[in-house]
Amino acid sequence: MSDPLLSFRETTVLGERTQEWRLMAEKCPALALYGIAHVGICHAAPPFEVVRLELKGAYLLSCYAGSGSVLMDGRWQRVRAGWTFMAPPHVLLAFRAESGTKWGFSWVRYQLPDKAKLVVSPASPALARFAPEPLKHAVLGLFFENKEPQSPRLLSLWAQMIHDYVLLFARPNPGDRRLERLWEEVAPKLSEAWTLERMAAICFLSEEHLRRLCKKELGRSPVNHLIHLRMQKAAELLALTDDKVEVVASAVGYANAFVFSNTFKRWIGWRPSEYRKKRQPS
C-alpha cells in the first residue's frame, strides 16, 4: 500500500489524452429511478487516475479495450478487455491507466448504500469475466436518447437496461447457487470463526474445489473473500457508528484488535482510527 502513485487523497486526474463522457442523474432523472448517480464511457491514458476515499454507493467498471489497474484486496490488479470490476459501498476506490496503453471502459455509479445493497450481495464478484459490449452500448443508447428526449419511456428503458446488466454481473449464476448460499450464511455471522474446511462443508465441496470455484466466480480465494466481507463491514461500522475499534474488530471476527488494525490498513489503506478520522467533517 506504499505505492507512490497513490496519494490517498480525493483525486481526479484525467490528462490531456483521456476522453470521458458522463451522464448524471440530475440531467437524466431516469437513472435516479434505479439509484444510479451517473454512468459514463472513458478512453483513459496516463496520467489518468481516480481515488475516492469512501465510496458512497457501489461502482461497476467494465473494460472493453486495453487494460488498466484497480486497487483490490490491498494491491493493484489489472482489468483487461472482457473483465469487469465491482466495488461495494464504504471502501477506498482507486483506479488508473497503465503506461503504453489506452484503456476503454464504461462505468455505473450508484448513489447511496441502501440502494447499492439492492445490487451488491455477499456473493457478488469483485473481478470476473463479463461481456462488456452490451453495457457499453446501453450507456451509449442512453446518451443518444437523452440529447433530445422523444419519450420518457425510452429513457427509462435504457436506464433499466443498464441496471439489469449490472445485476447480471453482481448476482451469481442462478444455475449454481452454492456460493450464493455460502456467503449468505457467512455474511451475518462475520464474528464467528470461519475456516476453509467449514466453508467447504457448507457447499458440500472439497476445499480445493471451493478455491477454484471462488476464483472463477468471484475473482478471489474463499479466504480473501471472507476478509473482503469483514473489511467491508468494518468500514461500514467505522463510518456509521461510534463503536470503539476493539468492538468493531470483535464484530467482524478479530479477537486481537492489533491484528485487525493491520489487516484493515493492508486492505483499506489506513488504520481504523485514521479511516474514521477521514470520515469526520473538517
# chains A, B, ... in the order shown; residues from 1 in each chain; ligands from 1

call {"tool": "residues_around", "arguments": {"residues": "Cys214 of chain A", "least_positions_apart": "2", "cutoff": "12 Å", "atoms": "only C-alpha atoms", "output": "PyMOL selection string"}}
result
chain A and resi 123-128+172+178-180+182-183+196+199-200+203+205+207-212+216-226

call {"tool": "select_by_dssp", "arguments": {"residues": "segment 60-230 of chain A", "states": "strand (DSSP E or B)", "output": "count of residues only"}}
result
39

call {"tool": "closest_residue", "arguments": {"among": "A:Ala170, A:Glu197, A:Leu33, A:Glu20", "to": "Leu157 of chain A", "atoms": "only C-alpha atoms"}}
result
A:Leu33

call {"tool": "atom_distance", "arguments": {"atom1": "atom CA of Arg96 of chain A", "atom2": "atom CA of Gly66 of chain A"}}
result
12.3 Å

call {"tool": "closest_residue", "arguments": {"among": "A:Ala193, A:Val259, A:Leu14, A:Leu167", "to": "Ala45 of chain A", "atoms": "only C-alpha atoms"}}
result
A:Leu14

call {"tool": "residues_around", "arguments": {"residues": "Arg17 of chain A", "least_positions_apart": "5", "cutoff": "9 Å", "atoms": "only C-alpha atoms", "output": "list in words"}}
result
His43, Ala44, Ala45, Pro46, Pro47 and Phe48 of chain A

call {"tool": "residues_around", "arguments": {"residues": "segment 56-60 of chain A", "least_positions_apart": "2", "cutoff": "7 Å", "atoms": "only C-alpha atoms", "output": "list in words"}}
result
Glu54, Ser62, Phe85, Met86, Ala87, Pro88, Pro89, His90, Trp107, Val108, Arg109, Tyr110, Gln111, Leu112, Pro113 and Ala116 of chain A

call {"tool": "write_last_selection", "arguments": {"atoms": "C-alpha atoms", "output": "compact mmCIF listing (two decimals), in the first residue's frame"}}
result
# COMPACT_ATOMS: atom_id res chain seq x y z
CA GLU A 54 -15.05 6.36 0.68
CA SER A 62 -16.46 -2.83 -17.35
CA PHE A 85 -14.72 -4.93 -11.61
CA MET A 86 -17.21 -4.04 -8.89
CA ALA A 87 -16.56 -2.15 -5.64
CA PRO A 88 -19.12 -2.15 -2.80
CA PRO A 89 -20.01 0.88 -0.63
CA HIS A 90 -17.75 2.13 2.19
CA TRP A 107 -18.98 2.61 -15.64
CA VAL A 108 -22.07 2.76 -13.45
CA ARG A 109 -22.01 4.52 -10.09
CA TYR A 110 -24.85 4.01 -7.58
CA GLN A 111 -25.82 6.83 -5.24
CA LEU A 112 -26.30 5.54 -1.72
CA PRO A 113 -25.50 2.41 0.30
CA ALA A 116 -26.33 -0.31 -3.55

call {"tool": "residues_around", "arguments": {"residues": "Thr11 of chain A", "least_positions_apart": "4", "cutoff": "7 Å", "atoms": "only C-alpha atoms", "output": "list in words"}}
result
Val50, Val51 and Arg52 of chain A

call {"tool": "closest_residue", "arguments": {"among": "A:Glu185, A:Glu10, A:Asp243, A:Glu16", "to": "Leu53 of chain A", "atoms": "only C-alpha atoms"}}
result
A:Glu10

call {"tool": "select_by_dssp", "arguments": {"residues": "segment 15-224 of chain A", "states": "alpha helix (DSSP H)", "output": "ChimeraX atom specification"}}
result
/A:29-32,113-116,133-147,152-170,178-186,196-203,207-218,222-224

call {"tool": "atom_distance", "arguments": {"atom1": "atom CA of Ser121 of chain A", "atom2": "atom CA of Thr195 of chain A"}}
result
20.7 Å

call {"tool": "residues_around", "arguments": {"residues": "Cys63 of chain A", "least_positions_apart": "2", "cutoff": "9 Å", "atoms": "only C-alpha atoms", "output": "number ranges by chain"}}
result
A: 61, 65-68, 79-85, 103-107, 130-133

call {"tool": "write_last_selection", "arguments": {"atoms": "C-alpha atoms", "output": "PDB file, in the first residue's frame"}}
result
ATOM      1  CA  LEU A  61     -16.283  -0.682 -14.203  1.00  0.00           C
ATOM      2  CA  ALA A  65     -10.465  -2.188 -24.682  1.00  0.00           C
ATOM      3  CA  GLY A  66      -6.872  -2.182 -23.448  1.00  0.00           C
ATOM      4  CA  SER A  67      -6.215  -2.556 -19.741  1.00  0.00           C
ATOM      5  CA  GLY A  68      -5.876  -0.548 -16.547  1.00  0.00           C
ATOM      6  CA  VAL A  79      -8.502  -5.169 -15.546  1.00  0.00           C
ATOM      7  CA  ARG A  80      -8.300  -6.275 -19.187  1.00  0.00           C
ATOM      8  CA  ALA A  81     -10.806  -6.172 -22.013  1.00  0.00           C
ATOM      9  CA  GLY A  82     -13.613  -8.600 -21.278  1.00  0.00           C
ATOM     10  CA  TRP A  83     -13.294  -8.224 -17.499  1.00  0.00           C
ATOM     11  CA  THR A  84     -15.472  -6.269 -15.081  1.00  0.00           C
ATOM     12  CA  PHE A  85     -14.718  -4.927 -11.611  1.00  0.00           C
ATOM     13  CA  TRP A 103      -7.950   1.900 -21.510  1.00  0.00           C
ATOM     14  CA  GLY A 104     -11.567   1.805 -22.642  1.00  0.00           C
ATOM     15  CA  PHE A 105     -14.280   1.191 -20.072  1.00  0.00           C
ATOM     16  CA  SER A 106     -17.858   2.020 -19.202  1.00  0.00           C
ATOM     17  CA  TRP A 107     -18.981   2.611 -15.639  1.00  0.00           C
ATOM     18  CA  PHE A 130     -18.169 -10.345 -18.290  1.00  0.00           C
ATOM     19  CA  ALA A 131     -19.044  -9.296 -21.851  1.00  0.00           C
ATOM     20  CA  PRO A 132     -18.554  -5.500 -21.841  1.00  0.00           C
ATOM     21  CA  GLU A 133     -20.179  -4.503 -25.139  1.00  0.00           C
TER      22      GLU A 133
END

call {"tool": "decode", "arguments": {"residues": "segment 209-241 of chain A", "atoms": "N, CA and C atoms", "output": "tab-separated table (two decimals), in the first residue's frame"}}
result
chain	number	residue	atom	x	y	z
A	209	HIS	N	-11.84	-27.61	-4.54
A	209	HIS	CA	-12.92	-27.27	-5.48
A	209	HIS	C	-13.51	-25.91	-5.13
A	210	LEU	N	-13.68	-25.64	-3.84
A	210	LEU	CA	-14.20	-24.33	-3.41
A	210	LEU	C	-13.25	-23.22	-3.81
A	211	ARG	N	-11.95	-23.46	-3.66
A	211	ARG	CA	-10.96	-22.45	-4.08
A	211	ARG	C	-11.11	-22.13	-5.56
A	212	ARG	N	-11.19	-23.17	-6.37
A	212	ARG	CA	-11.28	-22.96	-7.83
A	212	ARG	C	-12.57	-22.25	-8.19
A	213	LEU	N	-13.68	-22.65	-7.56
A	213	LEU	CA	-14.97	-22.04	-7.88
A	213	LEU	C	-15.00	-20.57	-7.50
A	214	CYS	N	-14.46	-20.24	-6.32
A	214	CYS	CA	-14.43	-18.84	-5.89
A	214	CYS	C	-13.55	-18.00	-6.80
A	215	LYS	N	-12.42	-18.53	-7.17
A	215	LYS	CA	-11.51	-17.78	-8.05
A	215	LYS	C	-12.17	-17.50	-9.39
A	216	LYS	N	-12.89	-18.49	-9.89
A	216	LYS	CA	-13.56	-18.33	-11.18
A	216	LYS	C	-14.72	-17.36	-11.10
A	217	GLU	N	-15.56	-17.49	-10.06
A	217	GLU	CA	-16.80	-16.73	-9.99
A	217	GLU	C	-16.65	-15.36	-9.32
A	218	LEU	N	-15.71	-15.25	-8.37
A	218	LEU	CA	-15.59	-14.02	-7.58
A	218	LEU	C	-14.32	-13.24	-7.85
A	219	GLY	N	-13.31	-13.91	-8.44
A	219	GLY	CA	-12.05	-13.24	-8.70
A	219	GLY	C	-11.09	-13.27	-7.53
A	220	ARG	N	-11.41	-14.02	-6.48
A	220	ARG	CA	-10.54	-14.12	-5.31
A	220	ARG	C	-10.78	-15.45	-4.62
A	221	SER	N	-9.88	-15.82	-3.72
A	221	SER	CA	-10.00	-17.07	-2.98
A	221	SER	C	-11.09	-16.96	-1.92
A	222	PRO	N	-11.59	-18.10	-1.39
A	222	PRO	CA	-12.60	-18.03	-0.32
A	222	PRO	C	-12.11	-17.26	0.90
A	223	VAL	N	-10.85	-17.46	1.28
A	223	VAL	CA	-10.31	-16.77	2.45
A	223	VAL	C	-10.25	-15.27	2.19
A	224	ASN	N	-9.80	-14.89	1.01
A	224	ASN	CA	-9.75	-13.46	0.69
A	224	ASN	C	-11.14	-12.84	0.59
A	225	HIS	N	-12.11	-13.61	0.11
A	225	HIS	CA	-13.47	-13.06	0.05
A	225	HIS	C	-14.04	-12.88	1.46
A	226	LEU	N	-13.70	-13.79	2.35
A	226	LEU	CA	-14.10	-13.64	3.75
A	226	LEU	C	-13.50	-12.37	4.34
A	227	ILE	N	-12.20	-12.15	4.09
A	227	ILE	CA	-11.56	-10.92	4.58
A	227	ILE	C	-12.23	-9.70	3.96
A	228	HIS	N	-12.53	-9.78	2.68
A	228	HIS	CA	-13.21	-8.68	1.99
A	228	HIS	C	-14.53	-8.34	2.68
A	229	LEU	N	-15.34	-9.34	2.98
A	229	LEU	CA	-16.62	-9.09	3.64
A	229	LEU	C	-16.41	-8.49	5.03
A	230	ARG	N	-15.39	-8.98	5.74
A	230	ARG	CA	-15.10	-8.46	7.08
A	230	ARG	C	-14.64	-7.01	7.02
A	231	MET	N	-13.76	-6.69	6.09
A	231	MET	CA	-13.25	-5.32	5.99
A	231	MET	C	-14.34	-4.37	5.49
A	232	GLN	N	-15.20	-4.85	4.59
A	232	GLN	CA	-16.31	-4.02	4.12
A	232	GLN	C	-17.25	-3.70	5.27
A	233	LYS	N	-17.57	-4.70	6.07
A	233	LYS	CA	-18.44	-4.47	7.22
A	233	LYS	C	-17.77	-3.57	8.25
A	234	ALA	N	-16.47	-3.78	8.48
A	234	ALA	CA	-15.74	-2.94	9.43
A	234	ALA	C	-15.73	-1.49	8.97
A	235	ALA	N	-15.51	-1.26	7.68
A	235	ALA	CA	-15.52	0.11	7.15
A	235	ALA	C	-16.90	0.75	7.34
A	236	GLU	N	-17.95	-0.03	7.13
A	236	GLU	CA	-19.30	0.48	7.33
A	236	GLU	C	-19.53	0.84	8.79
A	237	LEU	N	-19.10	-0.01	9.71
A	237	LEU	CA	-19.28	0.27	11.14
A	237	LEU	C	-18.47	1.49	11.57
A	238	LEU	N	-17.26	1.61	11.06
A	238	LEU	CA	-16.43	2.77	11.40
A	238	LEU	C	-17.02	4.06	10.85
A	239	ALA	N	-17.65	3.97	9.68
A	239	ALA	CA	-18.22	5.16	9.06
A	239	ALA	C	-19.54	5.58	9.69
A	240	LEU	N	-20.31	4.60	10.18
A	240	LEU	CA	-21.68	4.90	10.59
A	240	LEU	C	-21.95	4.80	12.08
A	241	THR	N	-20.97	4.31	12.86
A	241	THR	CA	-21.18	4.19	14.31
A	241	THR	C	-20.01	4.82	15.06
